[in-house]
Every structure is written in C-alpha cells, then in structure tokens.
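Chemist: Pasting a structure below so you can have a look.
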Amino acid sequence: MRLSIDHVTGFRYASPVRASYNEARMTPVSTPTQVVWTSRLTITPHAWRTAYTDYWGTPVTCFEVHEPHDRLQIEARALVETRPVRDAGQDERRVPADDLDWATLRGPAVRDAMSEYLLNTGRTAPHEELAALAAELTDRPSRLAALDVCALVHDRMAYEAGATGVTSTAAEAWAGGRGVCQDFSHVTCGALRSLGIPARYVSGYLHPSGPDAVRGDTVEGESHSWVEFWCGSWQTYDPTAMHRVDESYVRIGHGRDYSDVSPLRGTYAGGDSEMFVKVTITALS
C-alpha cells in the first residue's frame with residue numbers, strides 16, 4: 001500500500017514569542033515492512049535545525065527559532081510504501097515452535113536484554129485491578145496471554161476523544177474506563193510488563209479506511225499508537241482497534257511510552273499558546 005501523508009502541527013501564540021526550542025518526531029522510519037520513498041519537514045518561520053537518530057532508533061529533527069513570531073508551524077510530508085505482515089500466530093492463535101516458554105521469558109537473559117521494555121514508567125504502571133486480571137491469563141502460552149491482554153483492554157475500555165489528556169496515566173485511564181489510542185497503548189504495555197512480557201509503545205499514522213481505502217481519495221487521517229510485545233520475536237498489535245497491524249499503518253518510532261516518541265515537544269519564551277494538528281492521508285496504490 002502506497003500512502004502519501006501530510007501532517008501539519010504547531011502553535012498559535014497569544015503574543016509574539018521571543019524564541020522557541022523544539023524536537024519533532026514526525027518522519028517515518030524504514031523497516032522490513034515499510035519503505036520511505038520521500039520525506040520532508042518544513043518549518044515556518046525559518047529555523048536553525050539539525051537531525052539525528054535517537055536512542056530508540058527514531059529520526060528526530062531539533063530546531064530553534066530566534067526571532068519574534070506569533071505562530072510556529074511544522075509540516076511533515078512523506079511518501080511511504082507498506083507491506084502486510086502475515087503471522088498465523090496472531091490470525092489463528094497458533095503458537096510457533098520458536099516462541100519462548102514462560103520460564104525462559106522470565107529468565108535472566110531476557111530480563112537483561114529487554115529490561116527497558118519490562119520496567120513500567122509513571123505513564124504505564126497498571127491499575128491494581130488490571131494487573132490482577134492479567135495475572136489470570138498466564139495459564140496459556142505467552143503469545144496468547146499477550147493477545148488476551150489486548151482483548152481485555154479493548155473490551156473493558158471505551159474509545160472517547162477528550163476523556164483523557166496527554167499527561168493521563170494508564171491507571172487513570174483504566175479507572176475511568178475510557179480514553180484514546182495513547183491510553184489503550186499505555187494500559188496494554190503496563191499490563192504486559194506486569195506479566196514479564198517485554199512491551200513497547202509504537203507511534204505512527206493510520207489510514208482510517210484500512211487496506212481497502214479508495215485509491216486517490218485524500219481523507220482526514222490521524223496520528224495513532226499501538227503496541228509491540230516480545231515472545232521470542234516482536235509482534236505488533238493494535239488494542240484500540242483489536243486487530244493486528246496491517247499495511248494501513250505507518251510507523252514513526254517506538255519507546256517505553258508516549259514521552260519517548262511524542263511528535264512535537266519543546267519550550268518557548270512568551271505567553272499562552274494553542275496547539276493545532278491536522279493529518280491528511282492519500283492512498284495512492
């Protein structure tokens with residue numbers, strides 16, 4: 001699936017700010033199932049910039065604006081080709097022979113190699129009720145337990161825009177029973193880690209029509225998040241939609257939680273601000 005993505009975001013300021021310092025993580029990354037043909041980041045007003053790949057492997061653009069401005073806009077445009085992932089273990093709940101058993105998964109070798117994806121953060125620490133419910137799922141192979149954790153979160157939480165904020169925690173979202181994709185991903189990661197299953201938070205884009213999108217039509221897309229869990233290999237899953245990640249998903253990066261892959265963050269010298277975001281996606285083939 002070939003997708004053209006246009007992501008415009010930034011801030012309007014109540015009065016001109018003197019300077020701003022920012023990091024943008026809005027550039028898709030090439031993977032075995034995703035090829036980035038072109039990408040471009042445009043910043044208005046003109047900014048000094050530099051680029052690097054962070055610790056987690058996500059492309060980052062750092063930029064500074066040193067002139068008075070009442071609006072900051074970042075436009076990220078990319079052309080990406082994605083390929084489907086075929087995994088019978090997720091589609092049909094088959095457990096491949098090379099999956100790890102619980103003893104190996106919880107052993108010292110995995111704990112050492114995957115420690116960063118096993119420790120919960122303030123954003124992902126699970127609610128006590130969820131941790132107890134997840135613990136009841138360890139009577140099955142780790143892959144199936146992970147998929148059932150995703151189902152548990154999907155079934156017990158409702159998607160509701162505005163029900164939570166960008167700083168809401170997994171425990172708060174679970175207690176409230178509602179949230180957005182960021183909350184579903186935080187809640188799921190926390191529950192998986194509580195079982196000893198390495199899990200990471202993935203950030204990217206999603207075409208709302210999925211693989212059957214009408215070619216040539218430009219639609220309002222969305223920034224999205226999902227999870228990956230490790231049972232001997234990394235498996236991708238979207239607990240918000242309750243299905244595996246397919247070719248309608250475009251990956252930006254991953255980390256321990258949202259704070260590691262937030263699309264735009266920074267600081268500025270000035271008064272109040274209002275953020276704006278718009279994502280449009282066109283399926284080209």
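In the structure tokens, chains take letters A, B, ... by order of appearance, with residues numbered from 1 within each chain and ligands from 1 in the order shown.
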Within 6 Å of stretch 248-265 of chain A, which residues of stretch 16-122 of chain A come that close, and what is the closest atom pair and distance in Å for each? Count only C-alpha atoms and give it as a Markdown table.
Modeler:
| residue | atom | partner | partner_atom | distance |
| --- | --- | --- | --- | --- |
| A:Asn22 | CA | A:Arg265 | CA | 5.6 |
| A:Glu23 | CA | A:Arg265 | CA | 5.5 |
| A:Ala24 | CA | A:Leu264 | CA | 4.5 |
| A:Arg25 | CA | A:Pro263 | CA | 4.5 |
| A:Met26 | CA | A:Pro263 | CA | 5.5 |
| A:Pro28 | CA | A:Ile252 | CA | 4.3 |
| A:Val29 | CA | A:Ile252 | CA | 5.6 |
| A:Thr58 | CA | A:Gly253 | CA | 4.9 |
Chemist: Please write the residues from the selection above to a file, keeping N, CA, C and O atoms, as a PDB file, in the first residue's frame.
Modeler:
ATOM      1  N   ASN A  22      12.705  23.215  20.003  1.00  0.00           N
ATOM      2  CA  ASN A  22      11.780  22.103  19.796  1.00  0.00           C
ATOM      3  C   ASN A  22      12.467  20.851  19.257  1.00  0.00           C
ATOM      4  O   ASN A  22      13.548  20.923  18.656  1.00  0.00           O
ATOM      5  N   GLU A  23      11.759  19.713  19.452  1.00  0.00           N
ATOM      6  CA  GLU A  23      12.120  18.445  18.828  1.00  0.00           C
ATOM      7  C   GLU A  23      10.891  17.895  18.114  1.00  0.00           C
ATOM      8  O   GLU A  23       9.791  17.883  18.682  1.00  0.00           O
ATOM      9  N   ALA A  24      11.064  17.457  16.877  1.00  0.00           N
ATOM     10  CA  ALA A  24       9.969  16.855  16.113  1.00  0.00           C
ATOM     11  C   ALA A  24      10.314  15.413  15.777  1.00  0.00           C
ATOM     12  O   ALA A  24      11.407  15.132  15.269  1.00  0.00           O
ATOM     13  N   ARG A  25       9.387  14.522  16.069  1.00  0.00           N
ATOM     14  CA  ARG A  25       9.478  13.119  15.667  1.00  0.00           C
ATOM     15  C   ARG A  25       8.276  12.839  14.771  1.00  0.00           C
ATOM     16  O   ARG A  25       7.264  12.314  15.204  1.00  0.00           O
ATOM     17  N   MET A  26       8.411  13.215  13.511  1.00  0.00           N
ATOM     18  CA  MET A  26       7.309  13.160  12.561  1.00  0.00           C
ATOM     19  C   MET A  26       7.730  12.539  11.235  1.00  0.00           C
ATOM     20  O   MET A  26       6.991  12.609  10.253  1.00  0.00           O
ATOM     21  N   PRO A  28       8.615   9.199   9.147  1.00  0.00           N
ATOM     22  CA  PRO A  28       8.528   7.728   9.163  1.00  0.00           C
ATOM     23  C   PRO A  28       9.907   7.087   9.023  1.00  0.00           C
ATOM     24  O   PRO A  28      10.829   7.662   8.444  1.00  0.00           O
ATOM     25  N   VAL A  29      10.022   5.880   9.545  1.00  0.00           N
ATOM     26  CA  VAL A  29      11.282   5.149   9.519  1.00  0.00           C
ATOM     27  C   VAL A  29      11.142   3.933   8.610  1.00  0.00           C
ATOM     28  O   VAL A  29      10.080   3.304   8.550  1.00  0.00           O
ATOM     29  N   THR A  58      14.508   6.367  16.457  1.00  0.00           N
ATOM     30  CA  THR A  58      13.541   7.259  15.829  1.00  0.00           C
ATOM     31  C   THR A  58      14.241   8.480  15.241  1.00  0.00           C
ATOM     32  O   THR A  58      15.039   9.119  15.930  1.00  0.00           O
TER      33      THR A  58
END
Chemist: With only C-alpha atoms as the counted atoms, please give the residues lying no more than 6 Å from stretch 101-110 of chain A, apart from itself and same-chain residues fewer than 3 positions off, as a count of residues only.
Modeler: 3
Chemist: Go through A:Val8, A:Ala135, A:Leu100, A:Leu152 and flag the residue nearest A:Trp234, using only C-alpha atoms for the distances.
Modeler: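 Closest to A:Trp234, using only C-alpha atoms: A:Leu100.
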Chemist: Identify, with DSSP run on backbone atoms, the residues in stretch 15-231 of chain A assigned to strand (DSSP E or B), and express the list as JSON, numbers by chain.
Modeler: {"A": [15, 16, 17, 19, 20, 21, 22, 23, 24, 31, 34, 35, 36, 37, 38, 39, 40, 41, 42, 43, 44, 48, 49, 50, 51, 52, 53, 59, 60, 61, 62, 63, 64, 65, 69, 70, 71, 72, 73, 74, 75, 76, 77, 78, 79, 80, 81, 82, 158, 159, 178, 179, 199, 200, 201, 202, 203, 204, 205, 206, 218, 219, 220, 222, 223, 224, 225, 226, 227, 228, 229, 230]}
Chemist: Where does DSSP see helix (DSSP H, G or I) in stretch 105-246 of chain A, if you list the residues as number ranges by chain?
Modeler: A: 105, 108-113, 115-117, 128-135, 142-156, 170-176, 181-194, 210-212
Chemist: So, with only C-alpha atoms as the atoms that count, which of A:Thr282, A:Thr44, A:Thr267, A:Asn120 lies closest to A:Leu192?
Modeler: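 Closest to A:Leu192 of all the choices is A:Asn120.
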Chemist: Got a sec: who's within 10 Å of A:Arg156, counting only C-alpha atoms, leaving out chain neighbours fewer than 6 positions off, as a ChimeraX atom specification?
Modeler: /A:130,174,177-178
Chemist: Could you pull the residues within 6 Å of A:Ala78, counting only C-alpha atoms, minus those fewer than 2 positions along the same chain, as a PyMOL selection string?
Modeler: chain A and resi 4-5+38-39
Chemist: Could you write those residues out with C-alpha atoms, as a CSV table (one decimal), in the first residue's frame?
Modeler:
chain,number,residue,atom,x,y,z
A,4,SER,CA,1.1,10.0,1.0
A,5,ILE,CA,1.0,11.6,4.4
A,38,THR,CA,10.5,10.6,0.2
A,39,SER,CA,10.1,12.7,3.4
Chemist: Hey, what's within 7 Å of A:Leu3 if we count only C-alpha atoms and toss same-chain stuff fewer than 5 positions away? As JSON, numbers by chain, please?
Modeler: {"A": [79, 80, 81, 281, 282, 283, 284]}
